[in-house]
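Student: Just work_17.csv, nothing more (CSV, C-alpha atoms and all ligand atoms):
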```
chain,number,residue,atom,x,y,z
E,1397,MET,CA,58.9,-144.4,-40.1
E,1398,GLN,CA,61.2,-143.9,-37.1
E,1399,GLY,CA,60.6,-140.2,-36.4
E,1400,VAL,CA,58.7,-137.2,-37.5
E,1401,GLY,CA,59.4,-133.5,-37.6
E,1402,CYS,CA,57.3,-130.4,-37.8
E,1403,SER,CA,57.7,-127.1,-39.7
E,1404,ASN,CA,59.0,-125.4,-36.5
E,1405,GLY,CA,62.0,-127.8,-36.6
E,1406,HIS,CA,60.9,-130.1,-33.7
E,1407,GLN,CA,61.7,-133.8,-34.0
E,1408,PHE,CA,59.7,-136.6,-32.4
E,1409,ASP,CA,60.8,-140.2,-32.1
E,1410,ARG,CA,58.7,-143.2,-32.4
E,1411,ALA,CA,58.1,-145.0,-29.1
E,1412,LYS,CA,59.1,-148.7,-28.9
E,1413,GLU,CA,55.4,-149.7,-29.0
E,1414,GLY,CA,55.2,-147.8,-32.3
E,1415,TYR,CA,53.2,-144.6,-31.4
E,1416,PHE,CA,54.2,-141.0,-31.5
E,1417,ASN,CA,53.9,-138.6,-28.5
E,1418,LEU,CA,53.1,-135.2,-30.0
E,1419,LEU,CA,51.6,-133.6,-26.9
E,1420,PRO,CA,53.5,-130.5,-25.8
E,1421,VAL,CA,54.0,-130.2,-22.1
E,1422,GLN,CA,52.0,-127.0,-22.0
E,1423,GLN,CA,48.9,-128.8,-23.3
E,1424,LYS,CA,49.0,-131.3,-20.4
E,1425,ASN,CA,46.6,-130.1,-17.7
E,1426,SER,CA,47.6,-132.9,-15.4
E,1427,ARG,CA,50.4,-135.5,-15.1
E,1428,GLU,CA,48.4,-138.2,-16.8
E,1429,PRO,CA,45.6,-136.4,-18.8
E,1430,GLY,CA,42.6,-138.2,-20.3
E,1431,ASP,CA,41.2,-141.5,-19.1
E,1432,ALA,CA,43.1,-143.5,-16.5
E,1433,LYS,CA,45.0,-146.7,-17.3
E,1434,GLN,CA,42.5,-148.8,-15.3
E,1435,GLN,CA,39.6,-147.3,-17.2
E,1436,LEU,CA,41.2,-148.0,-20.5
E,1437,GLN,CA,42.1,-151.6,-19.6
E,1438,ALA,CA,38.4,-152.1,-18.5
E,1439,ARG,CA,37.3,-150.6,-21.9
E,1440,ARG,CA,39.6,-153.1,-23.7
E,1441,ILE,CA,38.1,-156.1,-21.8
E,1442,PHE,CA,34.6,-155.0,-22.4
E,1443,LEU,CA,34.9,-154.0,-26.0
E,1444,GLN,CA,36.9,-157.0,-27.0
E,1445,SER,CA,34.2,-159.2,-25.6
E,1446,GLY,CA,32.0,-157.9,-28.5
E,1447,PHE,CA,29.2,-156.2,-26.5
E,1448,PHE,CA,29.3,-153.1,-28.8
E,1449,ALA,CA,29.8,-155.1,-32.1
E,1450,PRO,CA,26.4,-153.7,-33.5
E,1451,LEU,CA,27.8,-150.2,-33.0
E,1452,LEU,CA,31.0,-151.1,-34.8
E,1453,GLN,CA,29.0,-152.6,-37.6
E,1454,ALA,CA,26.7,-149.5,-37.9
E,1455,LEU,CA,29.8,-147.2,-37.8
E,1456,THR,CA,31.7,-149.0,-40.5
E,1457,GLU,CA,28.6,-149.0,-42.8
E,1458,LEU,CA,28.8,-145.2,-42.7
E,1459,ILE,CA,32.5,-145.1,-43.9
E,1460,PRO,CA,33.2,-145.6,-47.6
E,1461,ALA,CA,35.7,-148.4,-48.1
E,1462,ARG,CA,37.5,-146.2,-50.6
E,1463,THR,CA,38.4,-143.7,-47.9
E,1464,LYS,CA,42.0,-142.5,-48.2
E,1465,SER,CA,42.5,-140.8,-44.8
E,1466,LEU,CA,40.7,-141.2,-41.5
E,1467,LEU,CA,41.2,-139.6,-38.1
E,1468,ASP,CA,39.7,-141.0,-34.9
E,1469,ILE,CA,39.6,-138.4,-32.2
E,1470,GLY,CA,39.8,-139.7,-28.6
E,1471,CYS,CA,40.4,-143.2,-29.8
E,1472,GLY,CA,41.1,-144.7,-26.3
E,1473,GLU,CA,42.6,-148.2,-26.5
E,1474,GLY,CA,41.7,-148.3,-30.3
E,1475,TYR,CA,38.9,-150.9,-30.6
E,1476,PHE,CA,37.0,-148.8,-33.2
E,1477,THR,CA,40.1,-147.4,-34.8
E,1478,GLN,CA,41.6,-150.8,-35.5
E,1479,ALA,CA,38.4,-152.0,-37.1
E,1480,MET,CA,38.0,-148.9,-39.2
E,1481,GLY,CA,41.6,-149.4,-40.4
E,1482,GLU,CA,40.7,-152.9,-41.5
E,1483,HIS,CA,37.5,-151.7,-43.1
E,1484,CYS,CA,39.3,-149.1,-45.3
E,1485,HIS,CA,42.5,-150.9,-45.8
E,1486,ALA,CA,43.9,-148.5,-48.4
E,1487,ALA,CA,43.5,-145.5,-46.1
E,1488,LYS,CA,46.0,-143.9,-43.8
E,1489,VAL,CA,44.2,-144.1,-40.4
E,1490,TYR,CA,45.2,-142.1,-37.4
E,1491,GLY,CA,44.0,-142.5,-33.8
E,1492,ILE,CA,44.7,-139.7,-31.4
E,1493,ASP,CA,44.1,-139.6,-27.7
E,1494,ILE,CA,45.4,-137.4,-24.8
E,1495,ALA,CA,45.8,-140.5,-22.6
E,1496,LYS,CA,49.2,-142.1,-23.2
E,1497,ALA,CA,48.0,-145.3,-21.5
E,1498,GLY,CA,45.3,-145.7,-24.2
E,1499,ILE,CA,47.7,-145.0,-27.1
E,1500,ARG,CA,50.2,-147.5,-25.8
E,1501,LEU,CA,47.5,-150.3,-25.5
E,1502,ALA,CA,46.3,-149.4,-29.0
E,1503,ALA,CA,49.7,-149.3,-30.6
E,1504,LYS,CA,50.7,-152.7,-29.4
E,1505,GLN,CA,48.3,-154.3,-31.8
E,1506,ALA,CA,48.1,-151.6,-34.5
E,1507,HIS,CA,47.0,-152.7,-38.0
E,1508,SER,CA,49.7,-151.8,-40.6
E,1509,ASN,CA,47.8,-148.7,-41.9
E,1510,VAL,CA,47.0,-147.3,-38.5
E,1511,THR,CA,49.2,-144.8,-36.6
E,1512,TYR,CA,48.5,-143.9,-33.0
E,1513,VAL,CA,49.5,-140.5,-31.6
E,1514,VAL,CA,49.3,-138.9,-28.1
E,1515,ALA,CA,47.8,-135.5,-28.8
E,1516,SER,CA,44.9,-133.2,-27.8
E,1517,SER,CA,41.8,-133.0,-29.8
E,1518,TYR,CA,41.9,-129.2,-29.1
E,1519,ALA,CA,45.1,-128.9,-31.1
E,1520,LEU,CA,45.2,-131.7,-33.7
E,1521,PRO,CA,48.6,-132.4,-35.1
E,1522,VAL,CA,47.0,-132.9,-38.5
E,1523,ALA,CA,47.3,-130.8,-41.8
E,1524,THR,CA,44.4,-128.5,-42.8
E,1525,ARG,CA,41.8,-130.2,-45.1
E,1526,SER,CA,43.6,-133.5,-45.0
E,1527,MET,CA,41.0,-136.0,-43.7
E,1528,ASP,CA,38.3,-137.7,-45.7
E,1529,VAL,CA,36.6,-139.0,-42.6
E,1530,VAL,CA,36.9,-137.8,-39.0
E,1531,THR,CA,35.2,-139.9,-36.3
E,1532,ARG,CA,34.6,-139.0,-32.7
E,1533,ILE,CA,33.2,-141.7,-30.4
E,1534,TYR,CA,32.4,-140.4,-26.9
E,1535,ALA,CA,35.2,-137.9,-26.8
E,1536,PRO,CA,35.6,-134.1,-26.6
E,1537,SER,CA,36.7,-131.9,-29.5
E,1538,LYS,CA,36.8,-128.3,-30.6
E,1539,ASP,CA,34.6,-127.2,-33.5
E,1540,GLU,CA,37.3,-125.0,-35.1
E,1541,GLU,CA,39.7,-128.0,-35.3
E,1542,LEU,CA,37.1,-130.3,-36.8
E,1543,GLN,CA,36.4,-127.6,-39.4
E,1544,ARG,CA,40.1,-127.2,-40.1
E,1545,VAL,CA,41.2,-130.8,-40.6
E,1546,LEU,CA,38.2,-132.2,-42.6
E,1547,SER,CA,38.4,-132.1,-46.5
E,1548,ALA,CA,35.7,-130.1,-48.3
E,1549,GLN,CA,33.6,-133.2,-49.1
E,1550,GLY,CA,34.7,-135.1,-46.0
E,1551,LYS,CA,32.4,-136.8,-43.5
E,1552,LEU,CA,32.4,-136.1,-39.8
E,1553,ILE,CA,30.8,-138.9,-37.8
E,1554,ILE,CA,30.0,-138.3,-34.1
E,1555,VAL,CA,28.7,-141.1,-31.8
E,1556,THR,CA,27.0,-140.0,-28.6
E,1557,PRO,CA,24.8,-141.9,-26.1
E,1558,GLY,CA,21.1,-142.3,-27.0
E,1559,GLU,CA,18.3,-141.5,-24.7
E,1560,ASN,CA,17.9,-145.0,-23.3
E,1561,HIS,CA,21.6,-145.9,-23.1
E,1562,LEU,CA,22.1,-148.2,-20.0
E,1563,LEU,CA,18.8,-147.0,-18.7
E,1564,SER,CA,18.2,-149.8,-16.2
E,1565,LEU,CA,21.7,-149.4,-14.7
E,1566,ARG,CA,21.3,-145.6,-14.5
E,1567,GLN,CA,18.0,-146.0,-12.7
E,1568,ARG,CA,19.7,-148.1,-10.1
E,1569,ILE,CA,22.5,-145.6,-9.5
E,1570,TYR,CA,20.9,-142.2,-9.8
E,1571,GLN,CA,17.9,-140.8,-7.8
E,1572,GLN,CA,17.1,-138.5,-10.7
E,1573,LEU,CA,17.9,-139.2,-14.3
E,1574,ARG,CA,19.1,-136.4,-16.6
E,1575,PRO,CA,18.4,-137.1,-20.3
E,1576,HIS,CA,21.4,-137.2,-22.6
E,1577,PRO,CA,21.5,-134.0,-24.6
E,1578,LYS,CA,20.3,-134.2,-28.2
E,1579,PRO,CA,23.1,-134.1,-30.8
E,1580,HIS,CA,23.5,-130.9,-32.8
E,1581,PRO,CA,25.9,-130.0,-35.6
E,1582,PRO,CA,29.3,-128.5,-34.6
E,1583,VAL,CA,29.7,-124.9,-35.7
E,1584,GLY,CA,30.4,-124.7,-39.5
E,1585,PHE,CA,28.7,-128.1,-40.2
E,1586,LYS,CA,25.4,-129.3,-41.6
E,1587,THR,CA,23.7,-132.6,-40.8
E,1588,LEU,CA,23.8,-135.3,-43.5
E,1589,ALA,CA,22.2,-138.1,-41.5
E,1590,GLN,CA,21.1,-139.1,-38.0
E,1591,GLN,CA,20.8,-142.7,-37.0
E,1592,GLN,CA,19.5,-144.1,-33.7
E,1593,LEU,CA,20.8,-147.5,-32.8
E,1594,SER,CA,19.6,-149.6,-29.8
E,1595,PHE,CA,20.3,-153.2,-28.9
E,1596,ALA,CA,20.0,-155.5,-25.9
E,1597,LEU,CA,23.0,-156.1,-23.6
E,1598,ASN,CA,23.2,-159.3,-21.6
E,1599,ILE,CA,26.4,-159.0,-19.7
E,1600,PRO,CA,27.3,-162.0,-17.6
E,1601,ALA,CA,28.2,-161.7,-13.9
E,1602,GLY,CA,31.8,-161.1,-13.1
E,1603,GLU,CA,34.6,-159.6,-15.1
E,1604,CYS,CA,32.6,-158.0,-18.0
E,1605,THR,CA,30.0,-156.4,-15.7
E,1606,HIS,CA,32.9,-155.1,-13.6
E,1607,ALA,CA,34.7,-153.8,-16.7
E,1608,LEU,CA,31.6,-151.9,-17.9
E,1609,LEU,CA,31.2,-150.2,-14.5
E,1610,GLN,CA,34.9,-149.3,-14.4
E,1611,MET,CA,35.0,-147.8,-17.9
E,1612,THR,CA,32.0,-145.4,-17.4
E,1613,PRO,CA,31.5,-142.4,-15.2
E,1614,PHE,CA,29.3,-144.7,-13.1
E,1615,ALA,CA,32.4,-146.0,-11.4
E,1616,TRP,CA,32.5,-142.9,-9.2
E,1617,GLN,CA,28.8,-143.1,-8.3
E,1618,VAL,CA,28.2,-146.7,-7.4
E,1619,THR,CA,28.4,-147.6,-3.7
E,1620,PRO,CA,30.7,-150.6,-2.8
E,1621,GLU,CA,27.5,-152.6,-1.9
E,1622,LEU,CA,25.8,-152.0,-5.2
E,1623,LEU,CA,29.0,-152.6,-7.1
E,1624,THR,CA,29.4,-156.1,-5.4
E,1625,GLN,CA,25.7,-156.8,-6.1
E,1626,LEU,CA,25.9,-155.8,-9.8
E,1627,ILE,CA,29.1,-157.8,-10.4
E,1628,ALA,CA,27.4,-160.9,-8.8
E,1629,GLU,CA,24.2,-160.5,-10.8
E,1630,GLY,CA,25.4,-159.4,-14.2
E,1631,LEU,CA,23.4,-156.9,-16.3
E,1632,GLN,CA,20.4,-157.0,-18.7
E,1633,ASP,CA,20.1,-153.6,-20.2
E,1634,THR,CA,19.8,-151.6,-23.4
E,1635,ALA,CA,22.7,-150.0,-25.4
E,1636,SER,CA,21.5,-147.0,-27.3
E,1637,PHE,CA,23.5,-144.6,-29.5
E,1638,GLN,CA,23.1,-141.7,-31.9
E,1639,LEU,CA,25.3,-141.8,-35.0
E,1640,SER,CA,25.4,-138.3,-36.5
E,1641,THR,CA,27.0,-137.6,-39.9
E,1642,TYR,CA,28.0,-134.1,-40.8
E,1643,GLN,CA,29.6,-132.2,-43.7
E,1644,LEU,CA,31.2,-128.8,-43.8
E,1645,ASN,CA,28.9,-126.0,-44.8
E,1646,ALA,CA,29.6,-124.9,-48.4
L,1,LIG,C1,34.9,-142.6,-23.3
L,1,LIG,S1,36.5,-142.7,-24.0
L,1,LIG,C2,36.2,-143.2,-25.6
L,1,LIG,C3,37.3,-144.0,-26.3
L,1,LIG,C4,37.0,-144.5,-27.7
L,1,LIG,N1,36.6,-143.5,-28.6
L,1,LIG,C5,36.0,-145.7,-27.6
L,1,LIG,O1,34.9,-145.4,-27.9
L,1,LIG,O2,36.4,-146.7,-27.2
L,1,LIG,C6,36.9,-141.0,-24.2
L,1,LIG,C7,38.4,-140.8,-24.6
L,1,LIG,O3,38.7,-139.4,-24.9
L,1,LIG,C8,40.0,-139.1,-24.4
L,1,LIG,N2,40.1,-137.7,-24.3
L,1,LIG,C9,39.6,-136.9,-23.3
L,1,LIG,N3,40.0,-135.6,-23.5
L,1,LIG,C10,40.7,-135.6,-24.6
L,1,LIG,C11,41.4,-134.5,-25.4
L,1,LIG,N4,41.4,-133.3,-24.9
L,1,LIG,N5,42.0,-134.9,-26.5
L,1,LIG,C12,42.1,-136.2,-26.9
L,1,LIG,N6,41.5,-137.2,-26.3
L,1,LIG,C13,40.8,-136.9,-25.1
L,1,LIG,C14,40.1,-139.9,-23.2
L,1,LIG,O4,41.4,-140.1,-22.8
L,1,LIG,C15,39.4,-141.2,-23.6
L,1,LIG,O5,40.3,-142.2,-24.1
```
Reformat the file's structure so that it appears as structure tokens.
Tutor:
Amino acid sequence: MQGVGCSNGHQFDRAKEGYFNLLPVQQKNSREPGDAKQQLQARRIFLQSGFFAPLLQALTELIPARTKSLLDIGCGEGYFTQAMGEHCHAAKVYGIDIAKAGIRLAAKQAHSNVTYVVASSYALPVATRSMDVVTRIYAPSKDEELQRVLSAQGKLIIVTPGENHLLSLRQRIYQQLRPHPKPHPPVGFKTLAQQQLSFALNIPAGECTHALLQMTPFAWQVTPELLTQLIAEGLQDTASFQLSTYQLNA
């Protein structure tokens, strides 16, 4: 597919890396919306080192292998999207993110059934009721758009941080810890299942610890002294996630 068009007569070319940019200028609230390139590169280093492999495993277990269409909202550099594409190899899989830097990284190693698109999760360039599975891993979205794109029997899977996610690290950075909010169904959805997942993280000193700090909001909170100390020491902590599965209300 070299180009795509919409019902309003607009044409969009495929970029040389293989992705489509479907983000209209009026939906860009800054020059480079979404996560910054450096954050996305750090995410790639950290995720490809396998530290969140148990999360990937739990996620794919929730997705039927016979799935025909899957949309990953806020896919970043595509670590989870790629793996979901391999897991449901007969599906058309789409990863969308508002950050072009993430989509470019993702598209460079796209699996053949995965298409990456620069777009906003608040105005998804996806047909109504067309997706069997919609995933949202640590990314924002709009309830009305989730309702619109999911098929009647489709599954919406949302991954959010669990209560103890990176607790030791957060205790070193923040004076007062605010608990992560408990997940609740988006408007128009009912809960099918809730799963809590926790596992140990032993991150060696150096590049991977640095990458974790860069890819999270902590990057803005850590003093230069603490950053140097953490990178030199490495991290022993807990990763903790909530995997929530929802379906449209009848
Ligand atoms: C914490 S990252 C998670 C990336 C990926 N899901 C993962 O787990 O590796 C959040 C992502 O949401 C994207 N994002 C933020 N606002 C967005 C929006 N309005 N539409 C689409 N993506 C958005 C960011 O650019 C970033 O890549």
Student: Per residue of segment 1555-1600 of chain E within 12 Å of segment 1523-1533 of chain E, note the shortest atom pair and the distance in Å to one decimal, counting all atoms listed in the file, and order the rows by chain and increasing residue number, as a tab-separated table.
Tutor:
```
residue	atom	partner	partner_atom	distance
E:Val1555	CA	E:Ile1533	CA	4.8
E:Thr1556	CA	E:Ile1533	CA	6.7
E:Pro1557	CA	E:Ile1533	CA	9.4
E:Pro1582	CA	E:Arg1532	CA	11.9
```
Student: Around all the atoms of ligand LIG 1 (chain L) listed in the file, draw an axis-aligned box and extend it by 8 Å on each of the six sides; I want its centre and edge lengths in Å to one decimal, as JSON.
Tutor:
```
{"center_x": 38.5, "center_y": -140.0, "center_z": -25.7, "size_x": 23.2, "size_y": 29.4, "size_z": 21.8}
```
Student: Which one is closest to Gly1602 of chain E: E:Thr1463, E:Thr1511, E:Gln1549, E:Gln1625? Count only C-alpha atoms.
Tutor: E:Gln1625
Student: Give me, as number ranges by chain, the set of residues whose atoms come within 10 Å of any atom of ligand LIG 1 (chain L), counting only C-alpha atoms and all ligand atoms.
Tutor: E: 1419, 1423-1425, 1428-1433, 1435-1436, 1439-1440, 1442-1443, 1448, 1451-1452, 1468-1477, 1491-1499, 1513-1520, 1531-1538, 1555-1556, 1611-1613
Student: Tell me, in Å to one decimal, how far atom CA of Ser1636 of chain E is from atom CA of Leu1455 of chain E.
Tutor: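 Taking atom CA of Ser1636 of chain E as the start and atom CA of Leu1455 of chain E as the end point, the length is 13.4 Å.
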Student: So which residues touch Ile1569 of chain E within 9 Å, counting all atoms listed in the file, skipping near sequence neighbours fewer than 6 positions away, as a PyMOL selection string?
Tutor: chain E and resi 1614+1617-1619+1622
Student: Between atom CA of Gly1481 of chain E and atom CA of Val1545 of chain E, what is the distance, to one decimal in Å?
Tutor: 18.6 Å
Student: Distance atom CA of Gly1558 of chain E-atom CA of Leu1466 of chain E, one decimal place?
Tutor: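 So the answer is 24.4 Å.
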Student: I'd like to know which of E:Leu1644, E:Leu1593, E:Ala1601, E:Ala1607 is closest to Gly1630 of chain E, using all atoms listed in the file.
Tutor: E:Ala1601
Student: Between E:Ser1445, E:Asn1509, E:Gln1567, E:Thr1641, single out the one closest to Gln1591 of chain E, counting all atoms listed in the file.
Tutor: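 Between E:Ser1445, E:Asn1509, E:Gln1567, E:Thr1641, the residue approaching Gln1591 of chain E most closely is E:Thr1641.
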Student: Between E:Leu1467, E:Gln1437, E:His1580, E:Glu1540, which residue has the minimum interatomic distance to Leu1608 of chain E, considering all atoms listed in the file?
Tutor: E:Gln1437
Student: Please return, as a list of chain:residue names, all polymer residues that have at least one atom within 8 Å of the point (25.9, -152.8, -19.0); use all atoms listed in the file and the file's own coordinate frame.
Tutor: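 The answer, in the requested form, is E:Leu1562, E:Leu1565, E:Leu1597, E:Asn1598, E:Ile1599, E:Thr1605, E:Leu1608, E:Leu1609, E:Leu1631, E:Gln1632, E:Asp1633, E:Thr1634, E:Ala1635.
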Student: Of the candidates E:Glu1457, E:Glu1621, E:Glu1629, E:Glu1559, which one gets nearest to Glu1603 of chain E if we count only C-alpha atoms?
Tutor: E:Glu1629
Student: Could you add the missing atoms to segment 1416-1431 of chain E, up to N, CA, C and O atoms, and return them as a PDB file, keeping the file's coordinate frame?
Tutor:
```pdb
ATOM      1  N   PHE E1416      53.524-142.231 -31.592  1.00  0.00           N
ATOM      2  CA  PHE E1416      54.200-141.000 -31.500  1.00  0.00           C
ATOM      3  C   PHE E1416      53.599-140.145 -30.332  1.00  0.00           C
ATOM      4  O   PHE E1416      52.378-140.136 -30.207  1.00  0.00           O
ATOM      5  N   ASN E1417      54.443-139.483 -29.548  1.00  0.00           N
ATOM      6  CA  ASN E1417      53.900-138.600 -28.500  1.00  0.00           C
ATOM      7  C   ASN E1417      54.102-137.149 -29.002  1.00  0.00           C
ATOM      8  O   ASN E1417      55.207-136.635 -28.992  1.00  0.00           O
ATOM      9  N   LEU E1418      53.000-136.530 -29.459  1.00  0.00           N
ATOM     10  CA  LEU E1418      53.100-135.200 -30.000  1.00  0.00           C
ATOM     11  C   LEU E1418      52.388-134.164 -29.087  1.00  0.00           C
ATOM     12  O   LEU E1418      51.980-133.087 -29.531  1.00  0.00           O
ATOM     13  N   LEU E1419      52.247-134.542 -27.806  1.00  0.00           N
ATOM     14  CA  LEU E1419      51.600-133.600 -26.900  1.00  0.00           C
ATOM     15  C   LEU E1419      52.572-132.737 -26.188  1.00  0.00           C
ATOM     16  O   LEU E1419      53.363-133.206 -25.372  1.00  0.00           O
ATOM     17  N   PRO E1420      52.565-131.428 -26.511  1.00  0.00           N
ATOM     18  CA  PRO E1420      53.500-130.500 -25.800  1.00  0.00           C
ATOM     19  C   PRO E1420      53.171-130.438 -24.342  1.00  0.00           C
ATOM     20  O   PRO E1420      51.992-130.510 -23.974  1.00  0.00           O
ATOM     21  N   VAL E1421      54.194-130.278 -23.525  1.00  0.00           N
ATOM     22  CA  VAL E1421      54.000-130.200 -22.100  1.00  0.00           C
ATOM     23  C   VAL E1421      52.956-129.176 -21.698  1.00  0.00           C
ATOM     24  O   VAL E1421      52.117-129.396 -20.820  1.00  0.00           O
ATOM     25  N   GLN E1422      52.966-128.036 -22.406  1.00  0.00           N
ATOM     26  CA  GLN E1422      52.000-127.000 -22.000  1.00  0.00           C
ATOM     27  C   GLN E1422      50.572-127.304 -22.299  1.00  0.00           C
ATOM     28  O   GLN E1422      49.669-126.643 -21.816  1.00  0.00           O
ATOM     29  N   GLN E1423      50.322-128.399 -23.091  1.00  0.00           N
ATOM     30  CA  GLN E1423      48.900-128.800 -23.300  1.00  0.00           C
ATOM     31  C   GLN E1423      48.489-129.891 -22.311  1.00  0.00           C
ATOM     32  O   GLN E1423      47.374-130.393 -22.374  1.00  0.00           O
ATOM     33  N   LYS E1424      49.395-130.275 -21.399  1.00  0.00           N
ATOM     34  CA  LYS E1424      49.000-131.300 -20.400  1.00  0.00           C
ATOM     35  C   LYS E1424      48.472-130.537 -19.177  1.00  0.00           C
ATOM     36  O   LYS E1424      49.167-129.751 -18.548  1.00  0.00           O
ATOM     37  N   ASN E1425      47.180-130.779 -18.901  1.00  0.00           N
ATOM     38  CA  ASN E1425      46.600-130.100 -17.700  1.00  0.00           C
ATOM     39  C   ASN E1425      46.736-130.898 -16.464  1.00  0.00           C
ATOM     40  O   ASN E1425      46.301-130.489 -15.401  1.00  0.00           O
ATOM     41  N   SER E1426      47.313-132.104 -16.582  1.00  0.00           N
ATOM     42  CA  SER E1426      47.600-132.900 -15.400  1.00  0.00           C
ATOM     43  C   SER E1426      48.766-133.835 -15.778  1.00  0.00           C
ATOM     44  O   SER E1426      49.168-133.876 -16.941  1.00  0.00           O
ATOM     45  N   ARG E1427      49.252-134.601 -14.800  1.00  0.00           N
ATOM     46  CA  ARG E1427      50.400-135.500 -15.100  1.00  0.00           C
ATOM     47  C   ARG E1427      50.032-136.544 -16.109  1.00  0.00           C
ATOM     48  O   ARG E1427      50.782-136.866 -17.016  1.00  0.00           O
ATOM     49  N   GLU E1428      48.839-137.119 -15.926  1.00  0.00           N
ATOM     50  CA  GLU E1428      48.400-138.200 -16.800  1.00  0.00           C
ATOM     51  C   GLU E1428      46.990-137.738 -17.375  1.00  0.00           C
ATOM     52  O   GLU E1428      45.957-138.213 -16.892  1.00  0.00           O
ATOM     53  N   PRO E1429      46.929-136.833 -18.365  1.00  0.00           N
ATOM     54  CA  PRO E1429      45.600-136.400 -18.800  1.00  0.00           C
ATOM     55  C   PRO E1429      44.813-137.462 -19.531  1.00  0.00           C
ATOM     56  O   PRO E1429      45.386-138.432 -20.014  1.00  0.00           O
ATOM     57  N   GLY E1430      43.500-137.252 -19.578  1.00  0.00           N
ATOM     58  CA  GLY E1430      42.600-138.200 -20.300  1.00  0.00           C
ATOM     59  C   GLY E1430      42.213-139.344 -19.328  1.00  0.00           C
ATOM     60  O   GLY E1430      42.389-139.257 -18.110  1.00  0.00           O
ATOM     61  N   ASP E1431      41.669-140.400 -19.909  1.00  0.00           N
ATOM     62  CA  ASP E1431      41.200-141.500 -19.100  1.00  0.00           C
ATOM     63  C   ASP E1431      42.358-142.232 -18.421  1.00  0.00           C
ATOM     64  O   ASP E1431      43.455-142.311 -18.970  1.00  0.00           O
TER      65      ASP E1431
END
```
